[in-house]
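Asker: Before I ask anything, here is the structure I am working with.
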Amino acid sequence: MSHRTVLASALFVGMLGSVCAAQDMVPQMLKYFPGKWEITSGDGQPAGQADWSLAAGGKIIAGPGVSQSGAESFAVAGWDANKKEWVHTWYESDGTHGRISVTQFKDNTYEGSLYYVDKTGAGRTSKWQNKIIDKNNFEVTEFLKDQQIVLRFHRK
């Protein structure tokens, strides 16, 4: 799965209207993200799909993803009570994997850190931001030193 699709399937953030305590975000995460999502790149090209469902008694979100080229992935996201953050971990069929944490939430914009390892084993960390547009659309931006990677999600 491409980096863009991986990042897309990894980002599970909730829909809130104002600043809140971290644990108060969890019900919004669990309500907003389950479902089927189409993913496009920043330039509008198809990037893949994700199908997220509630699991573990409704306490986490998990599900498969597939890139436009057919590469498969699987993601699990939930609340880390020790670190007080929403955490998402994913693995891809080519060995790529990563971890995203949501550490700030305000006015439908969520931010955090990303740890990403590509299929060659090369790793990196970066910052990312998710902007909830409405109940059926959100946009994710990863901030790298020399570029920004944008993904758009639309509920099917």
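To be explicit about the labels: the chains of the structure tokens are called A, B, and onward in the order shown, and within each one the residues are counted from 1, while ligands get numbers from 1 in the order they are shown.
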Write out as number ranges by chain the residues lying within 7 Å of Gly98 in chain A, counting only C-alpha atoms and excluding same-chain residues fewer than 6 positions away.
Answerer: A: 89-91, 115-117
Asker: Determine, counting only C-alpha atoms, which protein, DNA and RNA residues have an atom within 10 Å of an atom of Pro46 in chain A; residues of the same chain fewer than 4 positions away are not included. Present the result as an MDAnalysis selection string.
Answerer: chainID A and resid 5 38:42 67:69 151:152
Asker: Kindly give the distance, in Å, that separates CA of Tyr110 in chain A and CA of Leu54 in chain A, rounded to a single decimal.
Answerer: 20.8 Å
Asker: Out of A:Lys59, A:Lys131, A:Lys106, A:His97, which residue has the shortest atom-to-atom distance to Lys119 in chain A when counting only C-alpha atoms?
Answerer: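 Using only C-alpha atoms, Lys119 in chain A sits closest to A:His97.
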Asker: Residues within 8 Å of Ala77 in chain A, please, as a ChimeraX atom specification. Count only C-alpha atoms; anything in the same chain fewer than 3 positions from it doesn't count.
Answerer: /A:12,60-62,86-89
Asker: Please give the complete set of residues from range 60-112 of chain A that DSSP, run on the backbone, assigns to strand (DSSP E or B), formatted as a PyMOL selection string.
Answerer: chain A and resi 60-67+72-80+85-92+97-106+109-112
Asker: Okay, now the selection with N, CA and C atoms, as an mmCIF file, in the first residue's frame?
Answerer:
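Ended up saving to selection_2.cif:
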data_model
loop_
_atom_site.group_PDB
_atom_site.id
_atom_site.type_symbol
_atom_site.label_atom_id
_atom_site.label_comp_id
_atom_site.auth_asym_id
_atom_site.auth_seq_id
_atom_site.Cartn_x
_atom_site.Cartn_y
_atom_site.Cartn_z
ATOM 1 N N ILE A 60 -12.671 -0.295 20.683
ATOM 2 C CA ILE A 60 -11.634 0.055 19.717
ATOM 3 C C ILE A 60 -12.245 0.094 18.314
ATOM 4 N N ILE A 61 -11.468 0.607 17.371
ATOM 5 C CA ILE A 61 -11.839 0.588 15.957
ATOM 6 C C ILE A 61 -10.770 -0.226 15.245
ATOM 7 N N ALA A 62 -11.197 -1.104 14.348
ATOM 8 C CA ALA A 62 -10.247 -1.935 13.619
ATOM 9 C C ALA A 62 -10.803 -2.233 12.238
ATOM 10 N N GLY A 63 -9.910 -2.535 11.328
ATOM 11 C CA GLY A 63 -10.388 -2.948 10.030
ATOM 12 C C GLY A 63 -9.343 -2.936 8.946
ATOM 13 N N PRO A 64 -9.719 -3.517 7.814
ATOM 14 C CA PRO A 64 -8.812 -3.614 6.679
ATOM 15 C C PRO A 64 -8.815 -2.367 5.822
ATOM 16 N N GLY A 65 -7.780 -2.252 5.043
ATOM 17 C CA GLY A 65 -7.681 -1.214 4.027
ATOM 18 C C GLY A 65 -7.085 -1.817 2.780
ATOM 19 N N VAL A 66 -7.239 -1.130 1.669
ATOM 20 C CA VAL A 66 -6.645 -1.579 0.416
ATOM 21 C C VAL A 66 -6.278 -0.347 -0.402
ATOM 22 N N SER A 67 -5.092 -0.386 -0.993
ATOM 23 C CA SER A 67 -4.661 0.739 -1.824
ATOM 24 C C SER A 67 -5.258 0.601 -3.219
ATOM 25 N N GLU A 72 -2.815 -4.703 0.624
ATOM 26 C CA GLU A 72 -3.696 -4.800 1.792
ATOM 27 C C GLU A 72 -3.026 -4.287 3.058
ATOM 28 N N SER A 73 -3.861 -3.801 4.000
ATOM 29 C CA SER A 73 -3.373 -3.373 5.309
ATOM 30 C C SER A 73 -4.438 -3.692 6.353
ATOM 31 N N PHE A 74 -4.048 -3.592 7.620
ATOM 32 C CA PHE A 74 -4.994 -3.748 8.725
ATOM 33 C C PHE A 74 -4.581 -2.799 9.832
ATOM 34 N N ALA A 75 -5.579 -2.141 10.441
ATOM 35 C CA ALA A 75 -5.312 -1.128 11.457
ATOM 36 C C ALA A 75 -6.138 -1.380 12.711
ATOM 37 N N VAL A 76 -5.599 -0.968 13.842
ATOM 38 C CA VAL A 76 -6.289 -1.030 15.137
ATOM 39 C C VAL A 76 -6.051 0.309 15.830
ATOM 40 N N ALA A 77 -7.116 0.892 16.388
ATOM 41 C CA ALA A 77 -7.001 2.176 17.078
ATOM 42 C C ALA A 77 -7.800 2.147 18.373
ATOM 43 N N GLY A 78 -7.260 2.797 19.400
ATOM 44 C CA GLY A 78 -7.951 2.850 20.674
ATOM 45 C C GLY A 78 -7.269 3.786 21.651
ATOM 46 N N TRP A 79 -7.819 3.867 22.823
ATOM 47 C CA TRP A 79 -7.387 4.766 23.875
ATOM 48 C C TRP A 79 -6.274 4.139 24.700
ATOM 49 N N ASP A 80 -5.168 4.851 24.891
ATOM 50 C CA ASP A 80 -4.082 4.453 25.777
ATOM 51 C C ASP A 80 -4.269 5.248 27.065
ATOM 52 N N GLU A 85 -3.770 9.277 25.372
ATOM 53 C CA GLU A 85 -3.814 9.627 23.966
ATOM 54 C C GLU A 85 -4.522 8.538 23.168
ATOM 55 N N TRP A 86 -5.087 8.953 22.037
ATOM 56 C CA TRP A 86 -5.682 8.019 21.089
ATOM 57 C C TRP A 86 -4.540 7.511 20.207
ATOM 58 N N VAL A 87 -4.431 6.196 20.050
ATOM 59 C CA VAL A 87 -3.312 5.592 19.334
ATOM 60 C C VAL A 87 -3.836 4.703 18.213
ATOM 61 N N HIS A 88 -3.184 4.809 17.070
ATOM 62 C CA HIS A 88 -3.519 3.972 15.931
ATOM 63 C C HIS A 88 -2.257 3.286 15.432
ATOM 64 N N THR A 89 -2.336 1.967 15.246
ATOM 65 C CA THR A 89 -1.217 1.188 14.729
ATOM 66 C C THR A 89 -1.694 0.426 13.504
ATOM 67 N N TRP A 90 -0.854 0.376 12.467
ATOM 68 C CA TRP A 90 -1.232 -0.369 11.273
ATOM 69 C C TRP A 90 -0.053 -1.149 10.716
ATOM 70 N N TYR A 91 -0.403 -2.188 9.944
ATOM 71 C CA TYR A 91 0.566 -3.054 9.280
ATOM 72 C C TYR A 91 0.094 -3.284 7.853
ATOM 73 N N GLU A 92 1.061 -3.346 6.937
ATOM 74 C CA GLU A 92 0.738 -3.568 5.533
ATOM 75 C C GLU A 92 1.355 -4.862 5.023
ATOM 76 N N HIS A 97 4.767 -0.352 8.254
ATOM 77 C CA HIS A 97 3.941 -0.250 9.459
ATOM 78 C C HIS A 97 4.143 1.125 10.096
ATOM 79 N N GLY A 98 3.266 1.435 11.037
ATOM 80 C CA GLY A 98 3.396 2.724 11.686
ATOM 81 C C GLY A 98 2.511 2.870 12.904
ATOM 82 N N ARG A 99 2.695 4.014 13.557
ATOM 83 C CA ARG A 99 1.932 4.346 14.768
ATOM 84 C C ARG A 99 1.652 5.840 14.755
ATOM 85 N N ILE A 100 0.400 6.174 14.986
ATOM 86 C CA ILE A 100 -0.007 7.573 15.069
ATOM 87 C C ILE A 100 -0.628 7.797 16.430
ATOM 88 N N SER A 101 -0.332 8.956 17.028
ATOM 89 C CA SER A 101 -0.986 9.324 18.282
ATOM 90 C C SER A 101 -1.633 10.692 18.116
ATOM 91 N N VAL A 102 -2.818 10.815 18.698
ATOM 92 C CA VAL A 102 -3.526 12.097 18.715
ATOM 93 C C VAL A 102 -3.231 12.729 20.067
ATOM 94 N N THR A 103 -2.620 13.923 20.047
ATOM 95 C CA THR A 103 -2.211 14.553 21.300
ATOM 96 C C THR A 103 -2.855 15.910 21.536
ATOM 97 N N GLN A 104 -3.448 16.519 20.498
ATOM 98 C CA GLN A 104 -4.131 17.803 20.658
ATOM 99 C C GLN A 104 -5.429 17.789 19.870
ATOM 100 N N PHE A 105 -6.477 18.372 20.429
ATOM 101 C CA PHE A 105 -7.780 18.413 19.777
ATOM 102 C C PHE A 105 -8.421 19.753 20.064
ATOM 103 N N LYS A 106 -8.801 20.465 19.020
ATOM 104 C CA LYS A 106 -9.456 21.759 19.191
ATOM 105 C C LYS A 106 -10.204 22.117 17.915
ATOM 106 N N THR A 109 -10.019 20.189 14.654
ATOM 107 C CA THR A 109 -8.673 19.980 14.142
ATOM 108 C C THR A 109 -7.892 19.189 15.183
ATOM 109 N N TYR A 110 -7.281 18.109 14.737
ATOM 110 C CA TYR A 110 -6.583 17.198 15.626
ATOM 111 C C TYR A 110 -5.159 17.044 15.150
ATOM 112 N N GLU A 111 -4.236 16.999 16.094
ATOM 113 C CA GLU A 111 -2.820 16.935 15.758
ATOM 114 C C GLU A 111 -2.141 15.852 16.565
ATOM 115 N N GLY A 112 -1.002 15.421 16.064
ATOM 116 C CA GLY A 112 -0.243 14.410 16.771
ATOM 117 C C GLY A 112 1.052 14.088 16.081
#
Asker: Just to confirm, what's the straight-line distance from CA of Arg155 in chain A to CA of Asn137 in chain A in Å (one decimal)?
Answerer: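 A separation of 6.5 Å between them.
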Asker: Quick one, how far is CA of Asn82 in chain A from CA of Ala55 in chain A?
Answerer: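 Going from CA of Asn82 in chain A over to CA of Ala55 in chain A covers 20.4 Å.
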Asker: Running DSSP on the backbone, which parts of range 3-153 of chain A land in helix (DSSP H, G or I), as a PDB file with N, CA and C atoms, in the first residue's frame?
Answerer:
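Everything below was put into part.pdb:
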ATOM      1  N   HIS A   3       2.414   5.016   0.675  1.00  0.00           N
ATOM      2  CA  HIS A   3       2.521   5.805   1.910  1.00  0.00           C
ATOM      3  C   HIS A   3       1.261   6.620   2.132  1.00  0.00           C
ATOM      4  N   ARG A   4       0.726   7.189   1.081  1.00  0.00           N
ATOM      5  CA  ARG A   4      -0.473   8.012   1.218  1.00  0.00           C
ATOM      6  C   ARG A   4      -1.653   7.201   1.722  1.00  0.00           C
ATOM      7  N   THR A   5      -1.827   6.007   1.198  1.00  0.00           N
ATOM      8  CA  THR A   5      -2.936   5.175   1.640  1.00  0.00           C
ATOM      9  C   THR A   5      -2.715   4.697   3.055  1.00  0.00           C
ATOM     10  N   VAL A   6      -1.465   4.367   3.395  1.00  0.00           N
ATOM     11  CA  VAL A   6      -1.146   3.936   4.753  1.00  0.00           C
ATOM     12  C   VAL A   6      -1.489   5.030   5.739  1.00  0.00           C
ATOM     13  N   LEU A   7      -1.033   6.215   5.456  1.00  0.00           N
ATOM     14  CA  LEU A   7      -1.321   7.333   6.349  1.00  0.00           C
ATOM     15  C   LEU A   7      -2.822   7.507   6.475  1.00  0.00           C
ATOM     16  N   ALA A   8      -3.519   7.368   5.383  1.00  0.00           N
ATOM     17  CA  ALA A   8      -4.958   7.557   5.394  1.00  0.00           C
ATOM     18  C   ALA A   8      -5.640   6.527   6.264  1.00  0.00           C
ATOM     19  N   SER A   9      -5.261   5.247   6.089  1.00  0.00           N
ATOM     20  CA  SER A   9      -5.939   4.219   6.858  1.00  0.00           C
ATOM     21  C   SER A   9      -5.550   4.285   8.316  1.00  0.00           C
ATOM     22  N   ALA A  10      -4.517   4.965   8.649  1.00  0.00           N
ATOM     23  CA  ALA A  10      -4.059   5.068  10.002  1.00  0.00           C
ATOM     24  C   ALA A  10      -4.736   6.132  10.803  1.00  0.00           C
ATOM     25  N   ALA A  22      -8.638  14.828  26.977  1.00  0.00           N
ATOM     26  CA  ALA A  22      -8.302  13.751  26.046  1.00  0.00           C
ATOM     27  C   ALA A  22      -9.281  12.586  26.114  1.00  0.00           C
ATOM     28  N   GLN A  23      -9.606  12.119  27.301  1.00  0.00           N
ATOM     29  CA  GLN A  23     -10.491  10.965  27.400  1.00  0.00           C
ATOM     30  C   GLN A  23     -11.914  11.270  26.942  1.00  0.00           C
ATOM     31  N   ASP A  24     -12.309  12.540  26.929  1.00  0.00           N
ATOM     32  CA  ASP A  24     -13.642  12.913  26.452  1.00  0.00           C
ATOM     33  C   ASP A  24     -13.772  12.773  24.941  1.00  0.00           C
ATOM     34  N   MET A  25     -12.643  12.674  24.248  1.00  0.00           N
ATOM     35  CA  MET A  25     -12.639  12.529  22.802  1.00  0.00           C
ATOM     36  C   MET A  25     -13.030  11.118  22.376  1.00  0.00           C
ATOM     37  N   VAL A  26     -12.790  10.128  23.207  1.00  0.00           N
ATOM     38  CA  VAL A  26     -12.959   8.725  22.835  1.00  0.00           C
ATOM     39  C   VAL A  26     -14.359   8.411  22.305  1.00  0.00           C
ATOM     40  N   PRO A  27     -15.458   8.814  22.953  1.00  0.00           N
ATOM     41  CA  PRO A  27     -16.775   8.488  22.394  1.00  0.00           C
ATOM     42  C   PRO A  27     -16.990   9.050  20.986  1.00  0.00           C
ATOM     43  N   GLN A  28     -16.426  10.227  20.706  1.00  0.00           N
ATOM     44  CA  GLN A  28     -16.552  10.805  19.372  1.00  0.00           C
ATOM     45  C   GLN A  28     -15.771   9.978  18.347  1.00  0.00           C
ATOM     46  N   MET A  29     -14.602   9.515  18.721  1.00  0.00           N
ATOM     47  CA  MET A  29     -13.810   8.658  17.836  1.00  0.00           C
ATOM     48  C   MET A  29     -14.605   7.406  17.481  1.00  0.00           C
ATOM     49  N   LEU A  30     -15.151   6.775  18.515  1.00  0.00           N
ATOM     50  CA  LEU A  30     -15.874   5.523  18.320  1.00  0.00           C
ATOM     51  C   LEU A  30     -17.158   5.712  17.524  1.00  0.00           C
ATOM     52  N   LYS A  31     -17.723   6.883  17.565  1.00  0.00           N
ATOM     53  CA  LYS A  31     -18.956   7.166  16.816  1.00  0.00           C
ATOM     54  C   LYS A  31     -18.661   7.593  15.377  1.00  0.00           C
ATOM     55  N   TYR A  32     -17.662   8.412  15.156  1.00  0.00           N
ATOM     56  CA  TYR A  32     -17.418   9.022  13.851  1.00  0.00           C
ATOM     57  C   TYR A  32     -16.806   8.061  12.818  1.00  0.00           C
TER      58      TYR A  32
END
Asker: Pick out the residues sitting within 6 Å of Thr141 in chain A, and hand them over as a PyMOL selection string; count only C-alpha atoms, and ignore anything fewer than 4 positions along from it in its own chain.
Answerer: chain A and resi 128-129+149-150
Asker: From the options A:Ala56, A:Pro34, A:Val140, A:Thr96, which residue's atoms come nearest to Thr120 in chain A, counting only C-alpha atoms?
Answerer: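 Among the listed residues, A:Thr96 lies closest to Thr120 in chain A.
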